[in-house]
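With mmCIF, C-alpha atoms and all ligand atoms inside, this is coords31.cif:
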```
data_final
loop_
_atom_site.group_PDB
_atom_site.id
_atom_site.type_symbol
_atom_site.label_atom_id
_atom_site.label_comp_id
_atom_site.auth_asym_id
_atom_site.auth_seq_id
_atom_site.Cartn_x
_atom_site.Cartn_y
_atom_site.Cartn_z
ATOM 1 C CA MET A 283 133.139 69.213 173.944
ATOM 2 C CA ILE A 284 131.532 71.846 171.750
ATOM 3 C CA ASN A 285 133.682 73.546 169.169
ATOM 4 C CA GLU A 286 135.396 76.860 169.708
ATOM 5 C CA GLU A 287 132.970 78.887 167.635
ATOM 6 C CA LEU A 288 129.964 77.651 169.585
ATOM 7 C CA GLN A 289 131.837 78.166 172.852
ATOM 8 C CA GLU A 290 132.267 81.782 171.880
ATOM 9 C CA VAL A 291 128.581 82.079 171.049
ATOM 10 C CA LEU A 292 127.615 80.497 174.360
ATOM 11 C CA SER A 293 130.039 82.755 176.229
ATOM 12 C CA GLU A 294 128.410 85.882 174.851
ATOM 13 C CA LEU A 295 124.904 84.556 175.539
ATOM 14 C CA ILE A 296 125.983 83.809 179.108
ATOM 15 C CA ASN A 297 127.462 87.296 179.281
ATOM 16 C CA ILE A 298 124.080 88.738 178.320
ATOM 17 C CA ALA A 299 122.262 86.455 180.759
ATOM 18 C CA PHE A 300 124.692 87.281 183.557
ATOM 19 C CA GLY A 301 124.274 90.998 182.877
ATOM 20 C CA SER A 302 120.557 90.722 183.415
ATOM 21 C CA ALA A 303 121.057 88.635 186.571
ATOM 22 C CA THR A 304 123.508 91.205 187.942
ATOM 23 C CA ALA A 305 121.083 94.050 187.297
ATOM 24 C CA THR A 306 118.443 92.211 189.314
ATOM 25 C CA ILE A 307 120.813 91.818 192.259
ATOM 26 C CA ALA A 308 122.098 95.387 192.004
ATOM 27 C CA ASP A 309 118.487 96.589 192.160
ATOM 28 C CA LEU A 310 117.838 94.387 195.159
ATOM 29 C CA PHE A 311 120.749 95.954 197.011
ATOM 30 C CA ASP A 312 119.972 99.378 195.610
ATOM 31 C CA ASN A 313 123.548 99.375 194.460
ATOM 32 C CA PHE A 314 125.567 99.443 191.278
ATOM 33 C CA ALA A 315 127.842 96.682 190.037
ATOM 34 C CA THR A 316 130.695 97.042 187.592
ATOM 35 C CA LEU A 317 130.380 94.227 185.072
ATOM 36 C CA HIS A 318 133.526 92.332 184.189
ATOM 37 C CA ILE A 319 134.380 90.292 181.160
ATOM 38 C CA PRO A 320 132.957 86.897 181.993
ATOM 39 C CA ASP A 321 135.414 84.138 182.726
ATOM 40 C CA ILE A 322 133.772 81.011 181.370
ATOM 41 C CA SER A 323 135.250 77.529 181.226
ATOM 42 C CA PHE A 324 133.912 74.365 179.687
ATOM 43 C CA ILE A 325 135.099 71.248 181.436
ATOM 44 C CA ALA A 326 134.276 67.587 181.827
ATOM 45 C CA LEU A 327 132.829 66.632 185.190
ATOM 46 C CA ALA A 328 135.791 64.340 185.747
ATOM 47 C CA ASP A 329 138.107 67.353 185.700
ATOM 48 C CA LEU A 330 136.023 69.437 188.054
ATOM 49 C CA ASP A 331 137.863 68.577 191.280
ATOM 50 C CA GLN A 332 141.187 69.487 189.788
ATOM 51 C CA PHE A 333 139.760 72.645 188.328
ATOM 52 C CA ILE A 334 138.397 73.705 191.697
ATOM 53 C CA LEU A 335 141.594 72.885 193.568
ATOM 54 C CA LYS A 336 143.621 74.869 191.088
ATOM 55 C CA ASP A 337 141.394 77.841 190.868
ATOM 56 C CA PHE A 338 139.098 78.005 193.823
ATOM 57 C CA ASN A 339 141.257 77.827 196.870
ATOM 58 C CA TYR A 340 138.698 78.681 199.504
ATOM 59 C CA GLN A 341 138.909 77.761 203.150
ATOM 60 C CA GLU A 342 135.214 77.372 203.538
ATOM 61 C CA ILE A 343 132.860 77.096 200.672
ATOM 62 C CA TYR A 344 129.131 77.491 200.784
ATOM 63 C CA THR A 345 127.294 75.859 197.951
ATOM 64 C CA SER A 346 123.726 75.995 196.870
ATOM 65 C CA THR A 347 122.239 73.712 194.267
ATOM 66 C CA GLN A 348 119.161 74.101 192.155
ATOM 67 C CA GLN A 349 117.727 71.958 189.430
ATOM 68 C CA PHE A 350 116.125 73.360 186.325
ATOM 69 C CA LYS A 351 113.799 71.432 184.077
ATOM 70 C CA GLY A 352 112.389 71.733 180.620
ATOM 71 C CA ARG A 353 113.690 70.831 177.179
ATOM 72 C CA PHE A 354 116.830 72.416 178.575
ATOM 73 C CA GLN A 355 117.630 70.878 181.953
ATOM 74 C CA GLY A 356 120.415 70.414 184.423
ATOM 75 C CA GLU A 357 121.622 71.646 187.741
ATOM 76 C CA ILE A 358 123.105 74.908 188.902
ATOM 77 C CA VAL A 359 125.628 74.898 191.721
ATOM 78 C CA PHE A 360 126.581 78.255 193.129
ATOM 79 C CA ALA A 361 129.651 78.357 195.340
ATOM 80 C CA MET A 362 130.818 81.279 197.392
ATOM 81 C CA ASP A 363 133.572 81.786 199.933
ATOM 82 C CA LYS A 364 132.844 82.696 203.536
ATOM 83 C CA ASP A 365 133.939 86.345 203.308
ATOM 84 C CA SER A 366 131.687 87.014 200.365
ATOM 85 C CA ALA A 367 128.806 85.252 202.044
ATOM 86 C CA GLN A 368 129.255 87.330 205.187
ATOM 87 C CA ASN A 369 129.403 90.546 203.193
ATOM 88 C CA MET A 370 126.186 89.573 201.541
ATOM 89 C CA GLN A 371 124.561 88.754 204.842
ATOM 90 C CA ARG A 372 125.527 92.184 206.131
ATOM 91 C CA ILE A 373 123.708 93.798 203.249
ATOM 92 C CA ILE A 374 120.626 91.620 203.221
ATOM 93 C CA PHE A 375 120.027 91.623 206.960
ATOM 94 C CA ALA A 376 120.342 94.482 209.411
ATOM 95 C CA GLU A 377 123.800 93.887 210.740
ATOM 96 C CA ASP A 378 123.610 95.272 214.234
ATOM 97 C CA ASP A 379 120.922 93.117 215.748
ATOM 98 C CA PRO A 380 122.087 92.313 219.321
ATOM 99 C CA GLU A 381 119.658 89.406 219.580
ATOM 100 C CA LEU A 382 121.549 87.320 217.099
ATOM 101 C CA ASP A 383 123.421 84.385 218.481
ATOM 102 C CA GLY A 384 125.824 82.200 216.535
ATOM 103 C CA LEU A 385 123.225 79.739 215.421
ATOM 104 C CA GLN A 386 120.864 82.306 214.006
ATOM 105 C CA ASN A 387 123.771 83.890 212.251
ATOM 106 C CA VAL A 388 124.593 80.681 210.482
ATOM 107 C CA ASP A 389 120.994 80.401 209.486
ATOM 108 C CA GLU A 390 121.014 83.944 208.134
ATOM 109 C CA LEU A 391 124.192 83.275 206.285
ATOM 110 C CA LYS A 392 122.571 80.337 204.565
ATOM 111 C CA GLN A 393 119.484 82.343 203.750
ATOM 112 C CA SER A 394 121.586 85.108 202.238
ATOM 113 C CA ILE A 395 123.457 82.723 200.006
ATOM 114 C CA LEU A 396 120.254 80.987 199.012
ATOM 115 C CA GLU A 397 118.647 84.256 198.058
ATOM 116 C CA ILE A 398 121.554 85.370 195.911
ATOM 117 C CA ALA A 399 122.095 81.931 194.421
ATOM 118 C CA ASN A 400 118.432 81.703 193.564
ATOM 119 C CA ILE A 401 118.352 85.071 191.810
ATOM 120 C CA LEU A 402 121.677 84.686 190.090
ATOM 121 C CA GLY A 403 121.096 81.132 188.972
ATOM 122 C CA SER A 404 117.488 81.393 187.923
ATOM 123 C CA SER A 405 117.727 84.724 186.162
ATOM 124 C CA CYS A 406 120.921 83.677 184.407
ATOM 125 C CA ILE A 407 119.560 80.302 183.265
ATOM 126 C CA GLY A 408 116.124 81.777 182.601
ATOM 127 C CA LYS A 409 117.597 84.414 180.303
ATOM 128 C CA LEU A 410 119.846 81.881 178.591
ATOM 129 C CA ALA A 411 116.823 79.635 177.976
ATOM 130 C CA GLU A 412 114.891 82.606 176.577
ATOM 131 C CA LEU A 413 117.745 83.426 174.197
ATOM 132 C CA LEU A 414 117.676 79.799 173.060
ATOM 133 C CA SER A 415 113.896 79.997 172.495
ATOM 134 C CA THR A 416 112.852 77.670 175.267
ATOM 135 C CA ASN A 417 111.759 77.956 178.872
ATOM 136 C CA VAL A 418 112.675 76.248 182.091
ATOM 137 C CA THR A 419 111.183 75.746 185.527
ATOM 138 C CA PHE A 420 113.196 75.753 188.722
ATOM 139 C CA ALA A 421 113.130 73.485 191.740
ATOM 140 C CA PRO A 422 113.691 75.238 195.068
ATOM 141 C CA PRO A 423 117.393 75.612 195.809
ATOM 142 C CA SER A 424 119.050 73.901 198.730
ATOM 143 C CA ILE A 425 122.188 74.837 200.567
ATOM 144 C CA GLU A 426 125.235 72.961 201.800
ATOM 145 C CA PHE A 427 128.065 73.923 204.063
ATOM 146 C CA SER A 428 130.679 71.904 202.448
ATOM 147 C CA GLN A 429 133.904 71.693 200.599
ATOM 148 C CA ASN A 430 132.518 68.996 198.382
ATOM 149 C CA LEU A 431 130.906 70.731 195.494
ATOM 150 C CA ILE A 432 129.721 67.614 193.854
ATOM 151 C CA LYS A 433 127.928 64.940 195.779
ATOM 152 C CA ASP A 434 128.666 61.794 193.843
ATOM 153 C CA SER A 435 125.352 60.186 194.577
ATOM 154 C CA ASP A 436 123.325 63.104 193.244
ATOM 155 C CA ASN A 437 125.259 63.958 190.171
ATOM 156 C CA MET A 438 126.332 60.735 188.617
ATOM 157 C CA ALA A 439 124.367 61.567 185.507
ATOM 158 C CA TYR A 440 126.140 64.817 184.765
ATOM 159 C CA ASN A 441 129.144 64.762 182.473
ATOM 160 C CA HIS A 442 129.652 68.362 181.477
ATOM 161 C CA VAL A 443 130.159 71.523 183.444
ATOM 162 C CA ILE A 444 130.127 75.144 182.402
ATOM 163 C CA VAL A 445 131.896 77.224 185.022
ATOM 164 C CA ILE A 446 131.165 80.920 185.227
ATOM 165 C CA SER A 447 133.541 82.693 187.568
ATOM 166 C CA THR A 448 131.425 85.481 188.918
ATOM 167 C CA VAL A 449 132.457 88.735 190.397
ATOM 168 C CA LEU A 450 129.733 90.954 191.686
ATOM 169 C CA ASP A 451 131.775 94.087 191.956
ATOM 170 C CA PHE A 452 129.775 96.648 193.893
ATOM 171 C CA LYS A 453 131.046 100.082 194.711
ATOM 172 C CA ASP A 454 131.888 99.208 198.291
ATOM 173 C CA MET A 455 132.031 95.439 198.220
ATOM 174 C CA GLU A 456 133.068 92.500 196.109
ATOM 175 C CA PHE A 457 131.437 89.095 196.072
ATOM 176 C CA LEU A 458 133.411 86.320 194.498
ATOM 177 C CA GLY A 459 131.719 83.142 193.514
ATOM 178 C CA LYS A 460 131.442 80.479 190.908
ATOM 179 C CA LEU A 461 128.380 79.307 189.109
ATOM 180 C CA PHE A 462 128.522 75.747 187.837
ATOM 181 C CA ILE A 463 125.980 74.654 185.277
ATOM 182 C CA MET A 464 125.899 70.892 184.982
ATOM 183 C CA PHE A 465 124.559 68.881 182.088
ATOM 184 C CA THR A 466 124.117 65.336 180.957
ATOM 185 C CA ASP A 467 125.495 64.171 177.608
ATOM 186 C CA GLU A 468 122.010 64.388 176.184
ATOM 187 C CA MET A 469 121.517 67.991 177.291
ATOM 188 C CA PHE A 470 124.903 68.948 176.023
ATOM 189 C CA ALA A 471 123.911 67.684 172.602
ATOM 190 C CA TRP A 472 120.679 69.679 172.853
ATOM 191 C CA LEU A 473 122.619 72.794 173.812
ATOM 192 C CA GLU A 474 124.952 72.358 170.860
ATOM 193 C CA ALA A 475 122.001 72.067 168.469
ATOM 194 C CA ALA A 476 120.259 75.059 170.065
ATOM 195 C CA LEU A 477 123.388 77.185 169.653
ATOM 196 C CA GLU A 478 123.681 76.188 166.015
ATOM 197 C CA GLU A 479 120.048 77.083 165.498
ATOM 198 C CA TYR A 480 120.609 80.418 167.203
ATOM 199 C CA MET A 481 123.418 81.167 164.752
ATOM 200 C CA ASP A 482 121.359 80.048 161.764
ATOM 201 C CA ASN A 483 118.504 82.339 162.757
ATOM 202 C CA LEU A 484 120.625 85.311 163.703
ATOM 203 C CA MET B 9 127.481 106.025 155.153
ATOM 204 C CA LYS B 10 130.171 104.819 157.555
ATOM 205 C CA ILE B 11 129.327 102.511 160.444
ATOM 206 C CA LEU B 12 131.609 101.507 163.296
ATOM 207 C CA ILE B 13 130.809 98.395 165.357
ATOM 208 C CA VAL B 14 132.932 97.743 168.447
ATOM 209 C CA ASP B 15 132.455 94.697 170.672
ATOM 210 C CA ASP B 16 134.858 92.092 172.031
ATOM 211 C CA SER B 17 132.346 89.393 171.117
ATOM 212 C CA LYS B 18 132.294 88.330 167.483
ATOM 213 C CA LEU B 19 128.736 87.082 168.015
ATOM 214 C CA SER B 20 127.533 90.496 169.108
ATOM 215 C CA ARG B 21 129.190 92.233 166.152
ATOM 216 C CA LEU B 22 127.680 89.646 163.828
ATOM 217 C CA THR B 23 124.242 90.146 165.405
ATOM 218 C CA ILE B 24 124.307 93.849 164.534
ATOM 219 C CA LEU B 25 125.645 93.170 161.045
ATOM 220 C CA LYS B 26 123.060 90.530 160.226
ATOM 221 C CA ARG B 27 120.119 92.436 161.642
ATOM 222 C CA MET B 28 120.743 95.866 160.170
ATOM 223 C CA PRO B 29 118.575 96.890 157.199
ATOM 224 C CA ALA B 30 119.848 95.129 154.064
ATOM 225 C CA ALA B 31 119.966 98.294 151.980
ATOM 226 C CA ILE B 32 122.228 99.954 154.496
ATOM 227 C CA LYS B 33 124.491 96.945 154.877
ATOM 228 C CA GLU B 34 125.019 96.827 151.123
ATOM 229 C CA SER B 35 125.819 100.495 150.691
ATOM 230 C CA ALA B 36 127.696 101.382 153.889
ATOM 231 C CA ASP B 37 131.365 101.144 154.774
ATOM 232 C CA ILE B 38 131.464 99.074 157.927
ATOM 233 C CA PHE B 39 134.415 99.026 160.327
ATOM 234 C CA GLN B 40 134.828 96.701 163.293
ATOM 235 C CA GLY B 41 136.855 96.804 166.483
ATOM 236 C CA ALA B 42 137.149 94.623 169.568
ATOM 237 C CA ASN B 43 138.036 97.041 172.376
ATOM 238 C CA GLY B 44 137.871 100.679 173.432
ATOM 239 C CA VAL B 45 141.277 101.643 172.060
ATOM 240 C CA GLU B 46 140.340 100.291 168.641
ATOM 241 C CA ALA B 47 137.063 102.183 168.900
ATOM 242 C CA ILE B 48 138.886 105.485 169.365
ATOM 243 C CA ASP B 49 141.474 104.778 166.642
ATOM 244 C CA LEU B 50 138.851 103.670 164.125
ATOM 245 C CA TYR B 51 136.642 106.624 164.989
ATOM 246 C CA LYS B 52 139.436 109.130 164.387
ATOM 247 C CA GLU B 53 140.487 107.436 161.175
ATOM 248 C CA HIS B 54 137.058 107.043 159.568
ATOM 249 C CA ARG B 55 134.745 109.563 161.289
ATOM 250 C CA PRO B 56 131.739 107.167 161.120
ATOM 251 C CA ASP B 57 128.174 108.492 160.938
ATOM 252 C CA ILE B 58 127.128 106.074 163.663
ATOM 253 C CA VAL B 59 128.855 103.900 166.258
ATOM 254 C CA PHE B 60 127.607 100.778 168.022
ATOM 255 C CA LEU B 61 129.697 100.402 171.158
ATOM 256 C CA ASP B 62 129.834 97.626 173.762
ATOM 257 C CA LEU B 63 130.653 98.482 177.396
ATOM 258 C CA THR B 64 132.361 95.421 178.859
ATOM 259 C CA MET B 65 135.547 94.965 176.829
ATOM 260 C CA PRO B 66 139.240 94.254 177.488
ATOM 261 C CA VAL B 67 142.053 96.829 177.111
ATOM 262 C CA MET B 68 139.650 99.759 177.473
ATOM 263 C CA ASP B 69 135.963 99.555 178.296
ATOM 264 C CA GLY B 70 133.150 101.313 176.479
ATOM 265 C CA PHE B 71 132.588 103.959 179.160
ATOM 266 C CA GLU B 72 136.098 105.276 178.736
ATOM 267 C CA ALA B 73 136.074 104.976 174.942
ATOM 268 C CA LEU B 74 132.784 106.849 174.784
ATOM 269 C CA GLY B 75 134.290 109.700 176.790
ATOM 270 C CA HIS B 76 137.247 109.952 174.411
ATOM 271 C CA ILE B 77 135.063 109.805 171.313
ATOM 272 C CA ARG B 78 132.803 112.534 172.702
ATOM 273 C CA ASP B 79 135.837 114.696 173.553
ATOM 274 C CA PHE B 80 137.118 114.248 170.026
ATOM 275 C CA ASP B 81 133.804 114.877 168.283
ATOM 276 C CA LYS B 82 130.855 116.366 170.112
ATOM 277 C CA ASN B 83 128.627 115.535 167.136
ATOM 278 C CA SER B 84 129.383 111.814 167.315
ATOM 279 C CA ARG B 85 126.398 109.457 167.365
ATOM 280 C CA VAL B 86 127.172 106.551 169.657
ATOM 281 C CA HIS B 87 124.655 103.847 170.530
ATOM 282 C CA ILE B 88 125.701 101.693 173.474
ATOM 283 C CA VAL B 89 124.833 98.018 172.900
ATOM 284 C CA THR B 90 125.296 96.169 176.157
ATOM 285 C CA ALA B 91 124.402 93.338 178.521
ATOM 286 C CA ASP B 92 124.706 95.846 181.359
ATOM 287 C CA ILE B 93 121.072 96.832 181.794
ATOM 288 C CA GLN B 94 121.478 98.582 185.146
ATOM 289 C CA THR B 95 119.789 101.956 185.361
ATOM 290 C CA LYS B 96 122.933 103.562 186.722
ATOM 291 C CA SER B 97 125.001 102.371 183.754
ATOM 292 C CA GLN B 98 122.421 103.850 181.417
ATOM 293 C CA GLU B 99 122.509 107.138 183.286
ATOM 294 C CA LYS B 100 126.290 107.169 183.154
ATOM 295 C CA VAL B 101 126.545 106.678 179.390
ATOM 296 C CA MET B 102 123.730 109.106 178.671
ATOM 297 C CA ALA B 103 125.588 111.716 180.756
ATOM 298 C CA LEU B 104 128.693 110.983 178.676
ATOM 299 C CA GLY B 105 126.688 111.795 175.556
ATOM 300 C CA ALA B 106 125.525 108.495 174.084
ATOM 301 C CA VAL B 107 122.458 108.713 171.837
ATOM 302 C CA ALA B 108 120.798 105.698 173.451
ATOM 303 C CA VAL B 109 121.407 102.429 175.267
ATOM 304 C CA GLU B 110 120.354 99.224 173.528
ATOM 305 C CA ALA B 111 119.994 95.975 175.483
ATOM 306 C CA LYS B 112 121.650 92.936 173.951
ATOM 307 C CA PRO B 113 120.715 91.213 171.795
ATOM 308 C CA ILE B 114 119.563 94.102 169.629
ATOM 309 C CA ASP B 115 116.740 93.224 167.206
ATOM 310 C CA GLU B 116 115.936 94.131 163.599
ATOM 311 C CA GLU B 117 113.091 96.510 164.421
ATOM 312 C CA ARG B 118 115.220 98.583 166.743
ATOM 313 C CA LEU B 119 118.073 98.724 164.229
ATOM 314 C CA ALA B 120 115.654 99.875 161.525
ATOM 315 C CA GLU B 121 114.438 102.638 163.855
ATOM 316 C CA ILE B 122 117.972 103.715 164.665
ATOM 317 C CA PHE B 123 118.940 104.039 161.003
ATOM 318 C CA ALA B 124 115.654 105.748 160.124
ATOM 319 C CA ALA B 125 116.393 108.349 162.804
ATOM 320 C CA LEU B 126 119.821 109.221 161.374
ATOM 321 C CA PRO B 127 119.979 112.736 159.944
ATOM 322 C CA GLU B 128 120.424 112.832 156.153
ATOM 323 C CA SER B 129 124.047 113.341 155.238
HETATM 324 MG MG MG C 501 131.650 92.637 175.823
#
```
Kindly return the structure encoded in the file as C-alpha cells.
Ligand SMILES: [Mg+2]
Amino acid sequence: MINEELQEVLSELINIAFGSATATIADLFDNFATLHIPDISFIALADLDQFILKDFNYQEIYTSTQQFKGRFQGEIVFAMDKDSAQNMQRIIFAEDDPELDGLQNVDELKQSILEIANILGSSCIGKLAELLSTNVTFAPPSIEFSQNLIKDSDNMAYNHVIVISTVLDFKDMEFLGKLFIMFTDEMFAWLEAALEEYMDNL
Amino acid sequence: MKILIVDDSKLSRLTILKRMPAAIKESADIFQGANGVEAIDLYKEHRPDIVFLDLTMPVMDGFEALGHIRDFDKNSRVHIVTADIQTKSQEKVMALGAVAVEAKPIDEERLAEIFAALPES
C-alpha cells in the first residue's frame, strides 16, 4: 500500500483527471455537472468483495471493463446501478421511440453504459497518465450484466484496486457509479515511483 | 504583498507555492486555507492582494466563498484554480467577479503572467 502522502497526491491527480472526464460528459449531454469532492479508496483486491458488499448495495449492477496499456497499465471496471443506467439511456437515446421492444432496450442500455464508461474511464486514465508524464492506449471496452465485478479468471494478476466513487450530478439527474482501477504489484510500484517523481519535479 | 491560497488539497496548494516566481515567494506574506469558510476568514483578516481559490472543497465550496469575498471587497482579485473545466462553471465564477479561471495543475508560466499583471501597490 502506498503511503498516506502519496495517496493524497494521487487523490488530487485523480480529482483533476475526473474533472476533465466530467466536463467531456457534460458537454456530450449539453448539461452541467456539479463536481463533488472525490471519494477515493485504495484497497487490496482480496478486500474488494467485502468493500462492494458494504458500500455498493445495488440490486443489479452493470459493469464495463477496459484494459489500458503502456508503461502504465491495468484495467478499468466501471460499475453502475440500473436506475443510473436507465437515466443515461434516456438522455443518450430518444426516449419515446415506440418501435423499441425489450430486447433492443437492453441493447441500448448496454450501449449507453459502454459509451459513458468509455469516456469516463479513458479520459480519466488518459489525463492521469498525462499528469504522470506517460501515455496509454485503450482496448475497446466490453460490458457485462452481472453482479460479479471481478471475474476470477481474467483478473488473477491484479492485486491492487483504486476505487473512485463517482457521482455525475447533473441539474436534473444523478448518475451513481464506481470506477475501479486495477493494477498488478509491478504497476503499483511504477505508480508509486511516478508519484514520487511528480512531487520531486513539482 | 499578501497572497491567499485556498484549496482542500495540500498538493494543489504546494503546486502554486512551488511554481510561483521565486522573488515573489521570498518577499510575500502567504496565507493558506483548506475550505471556503477559511477563505473568507483569512481574506477579512489579511486583505490579500491576490487569492487563489479552489472550487470543490468541503464545508463551503469556492463558488459560495467567492460570492462572500466579492460582497466584502469589490476590489478583490480572485483567481479560481480548479479541476472543474466546464464552460458553465467558468461562466458562473466570472459572473461572480473572479479575475480568471485557471485549470489545474497551474504552471509556472501562467503564474508569472498572473503576478506580472498585478497592479503596483
Ligand atoms: Mg478541491
>> Should the cut-off be 7 Å, what would the residue list for chain B against chain A look like, counting all atoms listed in the file, as number ranges by chain?
In response: B: 17, 19, 23, 26, 64-65, 91-94, 96, 112
>> Applying 7 Å and only C-alpha atoms, which residues near Gln40 (chain B) remain after dropping the ones on its own chain fewer than 5 positions away? List them as JSON, numbers by chain.
In response: {"B": [12, 13, 14]}
Compile a residue-level contact table for chain B against ligand MG 501 (chain C) at a cut-off of 12 Å, reporting for every qualifying residue the shortest atom pair and its distance in Å to one decimal, with all atoms listed in the file counted, rows ordered by chain and ascending number, as a tab-separated table.
```
residue	atom	partner	partner_atom	distance
B:Ile13	CA	C:MG501	MG	12.0
B:Val14	CA	C:MG501	MG	9.1
B:Asp15	CA	C:MG501	MG	5.6
B:Asp16	CA	C:MG501	MG	5.0
B:Ser17	CA	C:MG501	MG	5.8
B:Lys18	CA	C:MG501	MG	9.4
B:Leu19	CA	C:MG501	MG	10.0
B:Ser20	CA	C:MG501	MG	8.2
B:Arg21	CA	C:MG501	MG	10.0
B:Gly41	CA	C:MG501	MG	11.5
B:Ala42	CA	C:MG501	MG	8.6
B:Asn43	CA	C:MG501	MG	8.5
B:Gly44	CA	C:MG501	MG	10.4
B:Phe60	CA	C:MG501	MG	12.0
B:Leu61	CA	C:MG501	MG	9.3
B:Asp62	CA	C:MG501	MG	5.7
B:Leu63	CA	C:MG501	MG	6.1
B:Thr64	CA	C:MG501	MG	4.2
B:Met65	CA	C:MG501	MG	4.6
B:Pro66	CA	C:MG501	MG	7.9
B:Val67	CA	C:MG501	MG	11.3
B:Met68	CA	C:MG501	MG	10.8
B:Asp69	CA	C:MG501	MG	8.5
B:Gly70	CA	C:MG501	MG	8.8
B:Phe71	CA	C:MG501	MG	11.8
B:Ile88	CA	C:MG501	MG	11.1
B:Val89	CA	C:MG501	MG	9.2
B:Thr90	CA	C:MG501	MG	7.3
B:Ala91	CA	C:MG501	MG	7.8
B:Asp92	CA	C:MG501	MG	9.4
B:Lys112	CA	C:MG501	MG	10.2
B:Pro113	CA	C:MG501	MG	11.7
```
> What does the distance between CA of Leu104 (chain B) and CA of Arg55 (chain B) come to in Å, to one decimal place?
Replying inline: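 It comes out at 18.5 Å.
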Enclose all atoms of region 316-322 of chain A listed in the file in an axis-aligned box, grow every side by 5 Å, and hand back centre and edge lengths in Å to one decimal, as lines of an AutoDock Vina configuration file.
```
center_x = 132.9
center_y = 89.0
center_z = 184.4
size_x = 15.0
size_y = 26.0
size_z = 16.4
```
